[in-house]
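This report concerns only the one structure given below.
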Amino acid sequence: MKNLLVAQSGGPTSAINATLAGVVENALSSPSVDRIYGSINGIQGVLTENLIDLKTKLTNVSELDLLCQTPASALGSCRVKLKDPAVCADEYETIISVLRKYNIDCFIYIGGNDSMDTIKKLSDYAILTGQTQKFLGVPKTIDNDLALTDHTPGFGSAAKYIGASTKEVIRDAQGLTYK
């Protein structure tokens with residue numbers, strides 16, 4: 001069996017929790033996933049070994065549905081940027097040792113530009129050092145500015161909010177017209 005680790009990073013939105021719910025739902029339905037760990041406060045939680053077992057926290061469909069509607073970041077967030085491994089390999093070795101300790105085969109990181117940079121650095125480091133773990137970045141940004149993506153979770157709701165707010169301002173301004 002395999003163990004999976006998921007973490008969130010960047011701006012807290014309901015889209016980041018819906019993405020987390022999707023990851024957990026798919027992992028729960030997979031016979032090849034034994035344990036699902038969540039890292040508290042993104043990569044910082046991995047570095048400090050602050051992990052929780054999500055299989056015991058999210059046990060049914062109604063809890064996953066509620067998570068989809070919950071604002072903020074259920075696992076917490078951080079703005080920690082990993083240094084270049086040529087400058088500071090200690091961070092990378094710490095992360096790899098935590099993954100080994102918990103028999104984690106796959107690390108999924110949900111977030112924006114910095115999160116995708118972090119997961120790419122980890123993946124590159126793992127390849128260069130002969131590690132077997134897989135690293136997957138799941139984009140989430142309201143900016144919709146991630147390279148090689150058409151659109152990301154979070155962008156649609158942000159665009160809709162801006163559109164609706166603009167429409168409301170226009171209607172208010174029209175109502176204030178004096179003759």
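Scheme for the structure tokens: letters A, B, ... for chains in order shown; per-chain residue numbers from 1; ligand numbers from 1 in order shown.
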
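Every residue of region 23-77 of chain A with a DSSP assignment of helix (DSSP H, G or I), taken from the backbone, is listed as Val23, Val24, Glu25, Asn26, Ala27, Leu28, Gly42, Ile43, Gln44, Gly45, Val46, Leu47, Leu54, Lys55, Thr56, Lys57, Val61, Ser62, Glu63, Leu64, Asp65, Leu66, Leu67 and Cys68 of chain A.
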
Include N, CA and C atoms and write out the residues we just selected as a tab-separated table (two decimals), in the first residue's frame.
chain	number	residue	atom	x	y	z
A	23	VAL	N	-8.92	15.82	-3.62
A	23	VAL	CA	-7.75	14.95	-3.42
A	23	VAL	C	-8.09	13.85	-2.41
A	24	VAL	N	-8.69	14.24	-1.29
A	24	VAL	CA	-9.02	13.27	-0.25
A	24	VAL	C	-10.06	12.27	-0.75
A	25	GLU	N	-11.10	12.76	-1.43
A	25	GLU	CA	-12.14	11.87	-1.94
A	25	GLU	C	-11.56	10.81	-2.88
A	26	ASN	N	-10.70	11.24	-3.78
A	26	ASN	CA	-10.08	10.28	-4.71
A	26	ASN	C	-9.15	9.32	-3.99
A	27	ALA	N	-8.42	9.80	-3.01
A	27	ALA	CA	-7.52	8.92	-2.26
A	27	ALA	C	-8.31	7.91	-1.44
A	28	LEU	N	-9.43	8.36	-0.84
A	28	LEU	CA	-10.26	7.44	-0.06
A	28	LEU	C	-10.85	6.32	-0.91
A	42	GLY	N	1.28	23.99	5.21
A	42	GLY	CA	2.07	23.80	4.00
A	42	GLY	C	3.39	23.11	4.20
A	43	ILE	N	4.38	23.54	3.45
A	43	ILE	CA	5.70	22.92	3.49
A	43	ILE	C	6.35	23.11	4.87
A	44	GLN	N	5.95	24.16	5.57
A	44	GLN	CA	6.44	24.39	6.92
A	44	GLN	C	6.07	23.22	7.83
A	45	GLY	N	4.86	22.70	7.66
A	45	GLY	CA	4.42	21.54	8.45
A	45	GLY	C	5.21	20.29	8.14
A	46	VAL	N	5.65	20.14	6.90
A	46	VAL	CA	6.49	18.99	6.55
A	46	VAL	C	7.86	19.16	7.22
A	47	LEU	N	8.41	20.36	7.14
A	47	LEU	CA	9.72	20.62	7.74
A	47	LEU	C	9.72	20.41	9.25
A	54	LEU	N	-5.62	12.38	7.69
A	54	LEU	CA	-6.89	12.89	7.16
A	54	LEU	C	-7.95	11.80	7.04
A	55	LYS	N	-7.55	10.55	7.01
A	55	LYS	CA	-8.54	9.46	6.95
A	55	LYS	C	-9.39	9.42	8.21
A	56	THR	N	-8.85	9.88	9.32
A	56	THR	CA	-9.61	9.90	10.57
A	56	THR	C	-10.38	11.21	10.73
A	57	LYS	N	-9.99	12.26	10.02
A	57	LYS	CA	-10.64	13.58	10.13
A	57	LYS	C	-11.78	13.74	9.13
A	61	VAL	N	-18.88	11.48	3.07
A	61	VAL	CA	-19.19	12.41	1.98
A	61	VAL	C	-19.68	13.76	2.51
A	62	SER	N	-20.47	13.76	3.58
A	62	SER	CA	-20.98	15.04	4.08
A	62	SER	C	-19.86	15.92	4.63
A	63	GLU	N	-18.85	15.33	5.24
A	63	GLU	CA	-17.70	16.12	5.71
A	63	GLU	C	-16.91	16.69	4.54
A	64	LEU	N	-16.77	15.92	3.48
A	64	LEU	CA	-16.08	16.41	2.28
A	64	LEU	C	-16.89	17.51	1.60
A	65	ASP	N	-18.22	17.35	1.55
A	65	ASP	CA	-19.08	18.40	0.98
A	65	ASP	C	-18.98	19.69	1.78
A	66	LEU	N	-18.96	19.57	3.10
A	66	LEU	CA	-18.82	20.75	3.95
A	66	LEU	C	-17.46	21.42	3.72
A	67	LEU	N	-16.43	20.62	3.58
A	67	LEU	CA	-15.10	21.17	3.31
A	67	LEU	C	-15.10	21.98	2.02
A	68	CYS	N	-15.83	21.52	1.01
A	68	CYS	CA	-15.90	22.24	-0.27
A	68	CYS	C	-16.49	23.63	-0.12

Would you write out, as a Markdown table, a table of all residues in region 37-89 of chain A that have an atom no more than 10 Å from an atom of region 102-115 of chain A, listing for each the closest atom pair and the distance in Å to one decimal, considering only C-alpha atoms and ordering rows by chain and rising residue number?
| residue | atom | partner | partner_atom | distance |
| --- | --- | --- | --- | --- |
| A:Tyr37 | CA | A:Ile104 | CA | 8.5 |
| A:Gly38 | CA | A:Ile108 | CA | 9.6 |
| A:Ser39 | CA | A:Tyr109 | CA | 9.6 |
| A:Gly42 | CA | A:Tyr109 | CA | 7.8 |
| A:Ile43 | CA | A:Tyr109 | CA | 8.4 |
| A:Glu49 | CA | A:Tyr102 | CA | 9.9 |
| A:Leu51 | CA | A:Tyr102 | CA | 9.6 |
| A:Ser77 | CA | A:Gly111 | CA | 9.2 |
| A:Cys78 | CA | A:Ser115 | CA | 9.5 |
| A:Arg79 | CA | A:Asp114 | CA | 7.9 |
| A:Val80 | CA | A:Asp114 | CA | 8.5 |
| A:Lys81 | CA | A:Asp114 | CA | 6.9 |
| A:Leu82 | CA | A:Asp114 | CA | 9.3 |

Please, what distance in Å, to one decimal, runs between CA of Asn3 (chain A) and CA of Gly137 (chain A)?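 Spanning CA of Asn3 (chain A) to CA of Gly137 (chain A) is a straight-line distance of 16.7 Å.
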
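For the set A:Ser14, A:Gln8, A:Ala72, A:Leu99, the residue with the smallest atom-to-atom gap to Gln133 (chain A) is A:Leu99, counting only C-alpha atoms.
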
Proximity to Leu4 (chain A) - best of A:Gln69, A:Ser30, A:Thr59, A:Ser123, only C-alpha atoms: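 Result for the nearest residue to Leu4 (chain A): A:Ser30.
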
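Using only C-alpha atoms for every distance, the candidate list A:Gly22, A:Val138, A:Ile40, A:Arg171 yields A:Ile40 as the residue closest to Leu75 (chain A).
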
Enumerate as a PyMOL selection string all residues of chain A assigned to strand (DSSP E or B) by DSSP on the backbone, naming them with the chain letters and numbers the document uses. chain A and resi 2-8+33-39+51-53+104-111+134-139

Given only C-alpha atoms as the basis, pick out the residue of A:Asp124, A:Ile119, A:Lys83, A:Thr48 nearest to Ser97 (chain A).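 So, comparing all the options, the nearest one is A:Thr48.
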
Have a look at CA of Ala126 (chain A) and CA of Ala15 (chain A) and let me know their distance in Å, one decimal.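 According to the coordinates, CA of Ala126 (chain A) and CA of Ala15 (chain A) are separated by 28.8 Å.
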
Can you measure CA of Lys121 (chain A) to CA of Leu20 (chain A) for me? One decimal in Å is fine. 21.4 Å
